[in-house]
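Have a look at the structure below before the remarks.
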Amino acid sequence: MVNAKPAIQKEEVAPAAEDSVQVTKKQDVYQQYYELLSSSLEEATTHLASVLDLPDYESNPRSAARLDFISYALQFAKEACYGPRRVNALISIASCMLDAAIAGASCAEVQATFQTRLLAATSPRPGADSEQFSPDQVAQVAQYFARTFFRHFRLYSYLYSTPQDIIESNASLLVETAIVPSFGDALAESEWLDALDAKRMAEEAAAAEAKQAEEAAKEAAAAKAAEEAAMRAEEQRQADLLRKPATLEDAI
């Protein structure tokens, strides 16, 4: 009998210790969600989906509904300033209700389950942070789920009880493969920089040559225009000399 007693005590204590570890892990998970939520909604959502084992939440409406249900409950707990242990208790009750609805329970049956779980966790003096709720907190929790989950209970029941149509489609995407030169054609950095400098100098020399050619063309055009003007003036002068004077004044 003496040897059996420690074994019996171990069997009674071990499950409690294991439950305590699981509760602590869940508390840490929810606190990490709050920390991520303050910096990135996407990272917080991905983290919570991973914790709830909902990898397909972006494509599966049922997974998305559970994720939204839990995330809104966590937001309510945050606004109510619940501690980690009370947050865990609230999510446990919320998950129990949703699981009952998914299993096919009626609204009245889920309400009865909710009342039983919540009243069992009620205490006149629950402390700053525990898994129990004060009467005022019970009223807040009841009001929250009344205007959210129970108001839309038929939608939840329909979502989880009605077969979902799955539409599969395939699409072909043409992707161009980049052509990468062989390493044998690659240049050393110094050679590459020298080639860039040579190219730049050639471009500058070509630009200067083009500018000089343009200026020379302008000068040639101006000289030609001046020459033509002089020729026209001379032709006019010769014509004036050959023209007979019509009056005495013209002759003078």
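Residues are named by chain letter and number: chains run A, B, ... in the order of the structure tokens, numbers start at 1 in each chain, and ligands are numbered from 1 in the order shown.
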How close does region 36-115 of chain A get to region 129-143 of chain A? List, as JSON lines, each residue of region 36-115 of chain A within 8 Å, its nearest atom pair and the distance in Å to one decimal, counting only C-alpha atoms.
{"residue": "A:Tyr82", "atom": "CA", "partner": "A:Asp129", "partner_atom": "CA", "distance": 7.1}
{"residue": "A:Gly83", "atom": "CA", "partner": "A:Asp129", "partner_atom": "CA", "distance": 5.1}
{"residue": "A:Pro84", "atom": "CA", "partner": "A:Asp129", "partner_atom": "CA", "distance": 7.2}
{"residue": "A:Arg85", "atom": "CA", "partner": "A:Ser130", "partner_atom": "CA", "distance": 5.3}
{"residue": "A:Arg86", "atom": "CA", "partner": "A:Glu131", "partner_atom": "CA", "distance": 4.6}
{"residue": "A:Val87", "atom": "CA", "partner": "A:Glu131", "partner_atom": "CA", "distance": 7.9}
{"residue": "A:Asn88", "atom": "CA", "partner": "A:Glu131", "partner_atom": "CA", "distance": 7.4}
{"residue": "A:Ala89", "atom": "CA", "partner": "A:Glu131", "partner_atom": "CA", "distance": 5.3}
Would you mind listing what lies within 12 Å of Thr113 (chain A) as a PDB file with all heavy atoms, in the first residue's frame, with only C-alpha atoms counted and same-chain residues fewer than 3 positions away left out?
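Contents of part_6.pdb, as written:
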ATOM      1  N   ILE A  93     -15.144  29.237 -24.007  1.00  0.00           N
ATOM      2  CA  ILE A  93     -16.606  29.224 -24.059  1.00  0.00           C
ATOM      3  C   ILE A  93     -17.090  29.475 -25.482  1.00  0.00           C
ATOM      4  O   ILE A  93     -18.009  28.823 -25.976  1.00  0.00           O
ATOM      5  CB  ILE A  93     -17.180  30.274 -23.088  1.00  0.00           C
ATOM      6  CG1 ILE A  93     -16.843  29.897 -21.635  1.00  0.00           C
ATOM      7  CG2 ILE A  93     -18.678  30.409 -23.263  1.00  0.00           C
ATOM      8  CD1 ILE A  93     -17.253  30.952 -20.611  1.00  0.00           C
ATOM      9  N   ALA A  94     -16.466  30.442 -26.161  1.00  0.00           N
ATOM     10  CA  ALA A  94     -16.862  30.775 -27.528  1.00  0.00           C
ATOM     11  C   ALA A  94     -16.654  29.580 -28.463  1.00  0.00           C
ATOM     12  O   ALA A  94     -17.520  29.256 -29.283  1.00  0.00           O
ATOM     13  CB  ALA A  94     -16.065  31.975 -28.017  1.00  0.00           C
ATOM     14  N   SER A  95     -15.520  28.917 -28.338  1.00  0.00           N
ATOM     15  CA  SER A  95     -15.229  27.757 -29.192  1.00  0.00           C
ATOM     16  C   SER A  95     -16.213  26.622 -28.925  1.00  0.00           C
ATOM     17  O   SER A  95     -16.639  25.924 -29.859  1.00  0.00           O
ATOM     18  CB  SER A  95     -13.790  27.275 -28.954  1.00  0.00           C
ATOM     19  OG  SER A  95     -12.863  28.288 -29.275  1.00  0.00           O
ATOM     20  N   CYS A  96     -16.585  26.443 -27.654  1.00  0.00           N
ATOM     21  CA  CYS A  96     -17.554  25.397 -27.306  1.00  0.00           C
ATOM     22  C   CYS A  96     -18.898  25.665 -27.972  1.00  0.00           C
ATOM     23  O   CYS A  96     -19.543  24.750 -28.503  1.00  0.00           O
ATOM     24  CB  CYS A  96     -17.710  25.333 -25.782  1.00  0.00           C
ATOM     25  SG  CYS A  96     -18.898  24.095 -25.213  1.00  0.00           S
ATOM     26  N   MET A  97     -19.330  26.936 -27.994  1.00  0.00           N
ATOM     27  CA  MET A  97     -20.601  27.281 -28.634  1.00  0.00           C
ATOM     28  C   MET A  97     -20.554  27.025 -30.133  1.00  0.00           C
ATOM     29  O   MET A  97     -21.478  26.457 -30.724  1.00  0.00           O
ATOM     30  CB  MET A  97     -20.936  28.750 -28.371  1.00  0.00           C
ATOM     31  CG  MET A  97     -21.315  29.075 -26.940  1.00  0.00           C
ATOM     32  SD  MET A  97     -22.029  30.721 -26.827  1.00  0.00           S
ATOM     33  CE  MET A  97     -20.689  31.726 -27.460  1.00  0.00           C
ATOM     34  N   LEU A  98     -19.475  27.467 -30.779  1.00  0.00           N
ATOM     35  CA  LEU A  98     -19.368  27.289 -32.218  1.00  0.00           C
ATOM     36  C   LEU A  98     -19.298  25.810 -32.588  1.00  0.00           C
ATOM     37  O   LEU A  98     -19.926  25.385 -33.570  1.00  0.00           O
ATOM     38  CB  LEU A  98     -18.129  28.023 -32.742  1.00  0.00           C
ATOM     39  CG  LEU A  98     -17.936  28.007 -34.257  1.00  0.00           C
ATOM     40  CD1 LEU A  98     -19.125  28.632 -34.967  1.00  0.00           C
ATOM     41  CD2 LEU A  98     -16.648  28.724 -34.642  1.00  0.00           C
ATOM     42  N   ASP A  99     -18.564  25.026 -31.815  1.00  0.00           N
ATOM     43  CA  ASP A  99     -18.481  23.587 -32.084  1.00  0.00           C
ATOM     44  C   ASP A  99     -19.853  22.925 -31.948  1.00  0.00           C
ATOM     45  O   ASP A  99     -20.189  22.009 -32.714  1.00  0.00           O
ATOM     46  CB  ASP A  99     -17.483  22.934 -31.137  1.00  0.00           C
ATOM     47  CG  ASP A  99     -16.045  23.347 -31.434  1.00  0.00           C
ATOM     48  OD1 ASP A  99     -15.790  23.788 -32.569  1.00  0.00           O
ATOM     49  OD2 ASP A  99     -15.195  23.243 -30.530  1.00  0.00           O
ATOM     50  N   ALA A 100     -20.639  23.387 -30.970  1.00  0.00           N
ATOM     51  CA  ALA A 100     -21.979  22.824 -30.798  1.00  0.00           C
ATOM     52  C   ALA A 100     -22.862  23.155 -31.991  1.00  0.00           C
ATOM     53  O   ALA A 100     -23.631  22.311 -32.477  1.00  0.00           O
ATOM     54  CB  ALA A 100     -22.603  23.352 -29.512  1.00  0.00           C
ATOM     55  N   ALA A 101     -22.750  24.393 -32.486  1.00  0.00           N
ATOM     56  CA  ALA A 101     -23.533  24.780 -33.655  1.00  0.00           C
ATOM     57  C   ALA A 101     -23.111  23.982 -34.883  1.00  0.00           C
ATOM     58  O   ALA A 101     -23.953  23.570 -35.690  1.00  0.00           O
ATOM     59  CB  ALA A 101     -23.378  26.279 -33.910  1.00  0.00           C
ATOM     60  N   ALA A 105     -26.438  21.348 -33.214  1.00  0.00           N
ATOM     61  CA  ALA A 105     -27.293  21.709 -32.096  1.00  0.00           C
ATOM     62  C   ALA A 105     -28.180  22.895 -32.468  1.00  0.00           C
ATOM     63  O   ALA A 105     -27.800  23.747 -33.281  1.00  0.00           O
ATOM     64  CB  ALA A 105     -26.445  22.050 -30.873  1.00  0.00           C
ATOM     65  N   SER A 106     -29.368  22.945 -31.874  1.00  0.00           N
ATOM     66  CA  SER A 106     -30.278  24.051 -32.126  1.00  0.00           C
ATOM     67  C   SER A 106     -29.817  25.289 -31.365  1.00  0.00           C
ATOM     68  O   SER A 106     -28.944  25.219 -30.489  1.00  0.00           O
ATOM     69  CB  SER A 106     -31.694  23.673 -31.692  1.00  0.00           C
ATOM     70  OG  SER A 106     -31.734  23.480 -30.281  1.00  0.00           O
ATOM     71  N   CYS A 107     -30.448  26.412 -31.704  1.00  0.00           N
ATOM     72  CA  CYS A 107     -30.075  27.658 -31.034  1.00  0.00           C
ATOM     73  C   CYS A 107     -30.361  27.573 -29.540  1.00  0.00           C
ATOM     74  O   CYS A 107     -29.572  28.038 -28.715  1.00  0.00           O
ATOM     75  CB  CYS A 107     -30.838  28.828 -31.663  1.00  0.00           C
ATOM     76  SG  CYS A 107     -30.386  30.453 -30.998  1.00  0.00           S
ATOM     77  N   ALA A 108     -31.491  26.978 -29.180  1.00  0.00           N
ATOM     78  CA  ALA A 108     -31.846  26.840 -27.762  1.00  0.00           C
ATOM     79  C   ALA A 108     -30.835  25.965 -27.031  1.00  0.00           C
ATOM     80  O   ALA A 108     -30.451  26.248 -25.882  1.00  0.00           O
ATOM     81  CB  ALA A 108     -33.249  26.255 -27.633  1.00  0.00           C
ATOM     82  N   GLU A 109     -30.381  24.905 -27.678  1.00  0.00           N
ATOM     83  CA  GLU A 109     -29.403  24.010 -27.055  1.00  0.00           C
ATOM     84  C   GLU A 109     -28.060  24.717 -26.869  1.00  0.00           C
ATOM     85  O   GLU A 109     -27.404  24.556 -25.831  1.00  0.00           O
ATOM     86  CB  GLU A 109     -29.225  22.754 -27.910  1.00  0.00           C
ATOM     87  CG  GLU A 109     -30.462  21.854 -27.932  1.00  0.00           C
ATOM     88  CD  GLU A 109     -30.340  20.729 -28.931  1.00  0.00           C
ATOM     89  OE1 GLU A 109     -29.537  20.860 -29.884  1.00  0.00           O
ATOM     90  OE2 GLU A 109     -31.050  19.713 -28.779  1.00  0.00           O
ATOM     91  N   VAL A 110     -27.652  25.492 -27.850  1.00  0.00           N
ATOM     92  CA  VAL A 110     -26.397  26.218 -27.728  1.00  0.00           C
ATOM     93  C   VAL A 110     -26.504  27.292 -26.657  1.00  0.00           C
ATOM     94  O   VAL A 110     -25.549  27.529 -25.900  1.00  0.00           O
ATOM     95  CB  VAL A 110     -26.000  26.838 -29.086  1.00  0.00           C
ATOM     96  CG1 VAL A 110     -24.736  27.673 -28.941  1.00  0.00           C
ATOM     97  CG2 VAL A 110     -25.783  25.738 -30.117  1.00  0.00           C
ATOM     98  N   THR A 116     -24.798  27.542 -19.140  1.00  0.00           N
ATOM     99  CA  THR A 116     -24.199  26.617 -18.167  1.00  0.00           C
ATOM    100  C   THR A 116     -22.709  26.898 -17.992  1.00  0.00           C
ATOM    101  O   THR A 116     -22.212  26.975 -16.853  1.00  0.00           O
ATOM    102  CB  THR A 116     -24.399  25.162 -18.640  1.00  0.00           C
ATOM    103  OG1 THR A 116     -25.792  24.890 -18.754  1.00  0.00           O
ATOM    104  CG2 THR A 116     -23.774  24.195 -17.649  1.00  0.00           C
ATOM    105  N   ARG A 117     -21.990  27.064 -19.100  1.00  0.00           N
ATOM    106  CA  ARG A 117     -20.548  27.329 -19.028  1.00  0.00           C
ATOM    107  C   ARG A 117     -20.262  28.673 -18.370  1.00  0.00           C
ATOM    108  O   ARG A 117     -19.328  28.806 -17.565  1.00  0.00           O
ATOM    109  CB  ARG A 117     -19.941  27.293 -20.438  1.00  0.00           C
ATOM    110  CG  ARG A 117     -19.895  25.915 -21.080  1.00  0.00           C
ATOM    111  CD  ARG A 117     -18.813  25.049 -20.439  1.00  0.00           C
ATOM    112  NE  ARG A 117     -17.523  25.680 -20.506  1.00  0.00           N
ATOM    113  CZ  ARG A 117     -16.647  25.521 -21.506  1.00  0.00           C
ATOM    114  NH1 ARG A 117     -16.973  24.721 -22.525  1.00  0.00           N
ATOM    115  NH2 ARG A 117     -15.469  26.102 -21.494  1.00  0.00           N
ATOM    116  N   LEU A 118     -21.055  29.677 -18.718  1.00  0.00           N
ATOM    117  CA  LEU A 118     -20.790  31.018 -18.203  1.00  0.00           C
ATOM    118  C   LEU A 118     -21.131  31.128 -16.725  1.00  0.00           C
ATOM    119  O   LEU A 118     -20.376  31.726 -15.947  1.00  0.00           O
ATOM    120  CB  LEU A 118     -21.578  32.050 -19.014  1.00  0.00           C
ATOM    121  CG  LEU A 118     -21.230  33.522 -18.776  1.00  0.00           C
ATOM    122  CD1 LEU A 118     -19.747  33.779 -19.054  1.00  0.00           C
ATOM    123  CD2 LEU A 118     -22.081  34.431 -19.650  1.00  0.00           C
ATOM    124  N   LEU A 119     -22.252  30.538 -16.325  1.00  0.00           N
ATOM    125  CA  LEU A 119     -22.627  30.581 -14.907  1.00  0.00           C
ATOM    126  C   LEU A 119     -21.643  29.781 -14.050  1.00  0.00           C
ATOM    127  O   LEU A 119     -21.366  30.144 -12.904  1.00  0.00           O
ATOM    128  CB  LEU A 119     -24.045  30.040 -14.721  1.00  0.00           C
ATOM    129  CG  LEU A 119     -25.167  30.927 -15.283  1.00  0.00           C
ATOM    130  CD1 LEU A 119     -26.522  30.256 -15.113  1.00  0.00           C
ATOM    131  CD2 LEU A 119     -25.157  32.297 -14.606  1.00  0.00           C
ATOM    132  N   ALA A 120     -21.091  28.713 -14.615  1.00  0.00           N
ATOM    133  CA  ALA A 120     -20.108  27.926 -13.870  1.00  0.00           C
ATOM    134  C   ALA A 120     -18.820  28.706 -13.655  1.00  0.00           C
ATOM    135  O   ALA A 120     -18.057  28.414 -12.710  1.00  0.00           O
ATOM    136  CB  ALA A 120     -19.811  26.625 -14.618  1.00  0.00           C
TER     137      ALA A 120
END
**Report entry** Shell around region 62-65 of chain A at 10 Å using only C-alpha atoms, local window under 4 positions removed, as a VMD selection string
**Finding:** chain A and resid 49 52 to 58 69 to 71 102 156 159 to 160 164
Go ahead and dump the residues you just picked, N, CA and C atoms, as a PDB file, in the first residue's frame.
ATOM      1  N   ALA A  49      -4.563  32.098 -37.496  1.00  0.00           N
ATOM      2  CA  ALA A  49      -5.005  31.004 -38.361  1.00  0.00           C
ATOM      3  C   ALA A  49      -4.134  29.771 -38.169  1.00  0.00           C
ATOM      4  N   LEU A  52      -5.125  28.136 -34.843  1.00  0.00           N
ATOM      5  CA  LEU A  52      -6.425  27.466 -34.920  1.00  0.00           C
ATOM      6  C   LEU A  52      -6.447  26.348 -35.959  1.00  0.00           C
ATOM      7  N   ASP A  53      -5.309  26.127 -36.623  1.00  0.00           N
ATOM      8  CA  ASP A  53      -5.203  25.083 -37.650  1.00  0.00           C
ATOM      9  C   ASP A  53      -6.187  25.348 -38.787  1.00  0.00           C
ATOM     10  N   LEU A  54      -6.104  26.566 -39.326  1.00  0.00           N
ATOM     11  CA  LEU A  54      -6.971  26.970 -40.442  1.00  0.00           C
ATOM     12  C   LEU A  54      -6.100  27.444 -41.607  1.00  0.00           C
ATOM     13  N   PRO A  55      -5.352  26.552 -42.228  1.00  0.00           N
ATOM     14  CA  PRO A  55      -4.442  26.978 -43.296  1.00  0.00           C
ATOM     15  C   PRO A  55      -5.165  27.459 -44.546  1.00  0.00           C
ATOM     16  N   ASP A  56      -6.448  27.048 -44.710  1.00  0.00           N
ATOM     17  CA  ASP A  56      -7.186  27.395 -45.925  1.00  0.00           C
ATOM     18  C   ASP A  56      -8.195  28.517 -45.689  1.00  0.00           C
ATOM     19  N   TYR A  57      -7.947  29.369 -44.687  1.00  0.00           N
ATOM     20  CA  TYR A  57      -8.938  30.394 -44.343  1.00  0.00           C
ATOM     21  C   TYR A  57      -9.174  31.394 -45.472  1.00  0.00           C
ATOM     22  N   GLU A  58      -8.223  31.539 -46.381  1.00  0.00           N
ATOM     23  CA  GLU A  58      -8.390  32.485 -47.470  1.00  0.00           C
ATOM     24  C   GLU A  58      -9.276  31.955 -48.592  1.00  0.00           C
ATOM     25  N   PHE A  69     -14.793  34.683 -36.121  1.00  0.00           N
ATOM     26  CA  PHE A  69     -15.501  34.505 -34.856  1.00  0.00           C
ATOM     27  C   PHE A  69     -14.542  34.622 -33.669  1.00  0.00           C
ATOM     28  N   ILE A  70     -13.412  33.947 -33.754  1.00  0.00           N
ATOM     29  CA  ILE A  70     -12.436  33.976 -32.660  1.00  0.00           C
ATOM     30  C   ILE A  70     -11.734  35.335 -32.585  1.00  0.00           C
ATOM     31  N   SER A  71     -11.403  35.917 -33.723  1.00  0.00           N
ATOM     32  CA  SER A  71     -10.687  37.201 -33.712  1.00  0.00           C
ATOM     33  C   SER A  71     -11.556  38.313 -33.135  1.00  0.00           C
ATOM     34  N   ILE A 102     -21.821  23.756 -35.045  1.00  0.00           N
ATOM     35  CA  ILE A 102     -21.320  22.977 -36.176  1.00  0.00           C
ATOM     36  C   ILE A 102     -21.810  21.529 -36.093  1.00  0.00           C
ATOM     37  N   TYR A 156     -24.691  30.893 -39.235  1.00  0.00           N
ATOM     38  CA  TYR A 156     -23.639  29.942 -38.881  1.00  0.00           C
ATOM     39  C   TYR A 156     -24.097  28.502 -39.159  1.00  0.00           C
ATOM     40  N   LEU A 159     -24.125  27.855 -42.875  1.00  0.00           N
ATOM     41  CA  LEU A 159     -22.776  27.777 -43.435  1.00  0.00           C
ATOM     42  C   LEU A 159     -22.151  26.414 -43.191  1.00  0.00           C
ATOM     43  N   TYR A 160     -22.327  25.890 -41.979  1.00  0.00           N
ATOM     44  CA  TYR A 160     -21.633  24.649 -41.616  1.00  0.00           C
ATOM     45  C   TYR A 160     -22.455  23.391 -41.912  1.00  0.00           C
ATOM     46  N   GLN A 164     -20.935  23.043 -49.623  1.00  0.00           N
ATOM     47  CA  GLN A 164     -20.406  24.193 -50.345  1.00  0.00           C
ATOM     48  C   GLN A 164     -19.995  23.778 -51.760  1.00  0.00           C
TER      49      GLN A 164
END
What separates CA of Thr148 (chain A) and CA of Glu79 (chain A) is a distance of 15.6 Å
One number please: CA of Phe153 (chain A) to CA of Pro61 (chain A), in Å, one decimal.
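Going from CA of Phe153 (chain A) over to CA of Pro61 (chain A), I get 15.7 Å.
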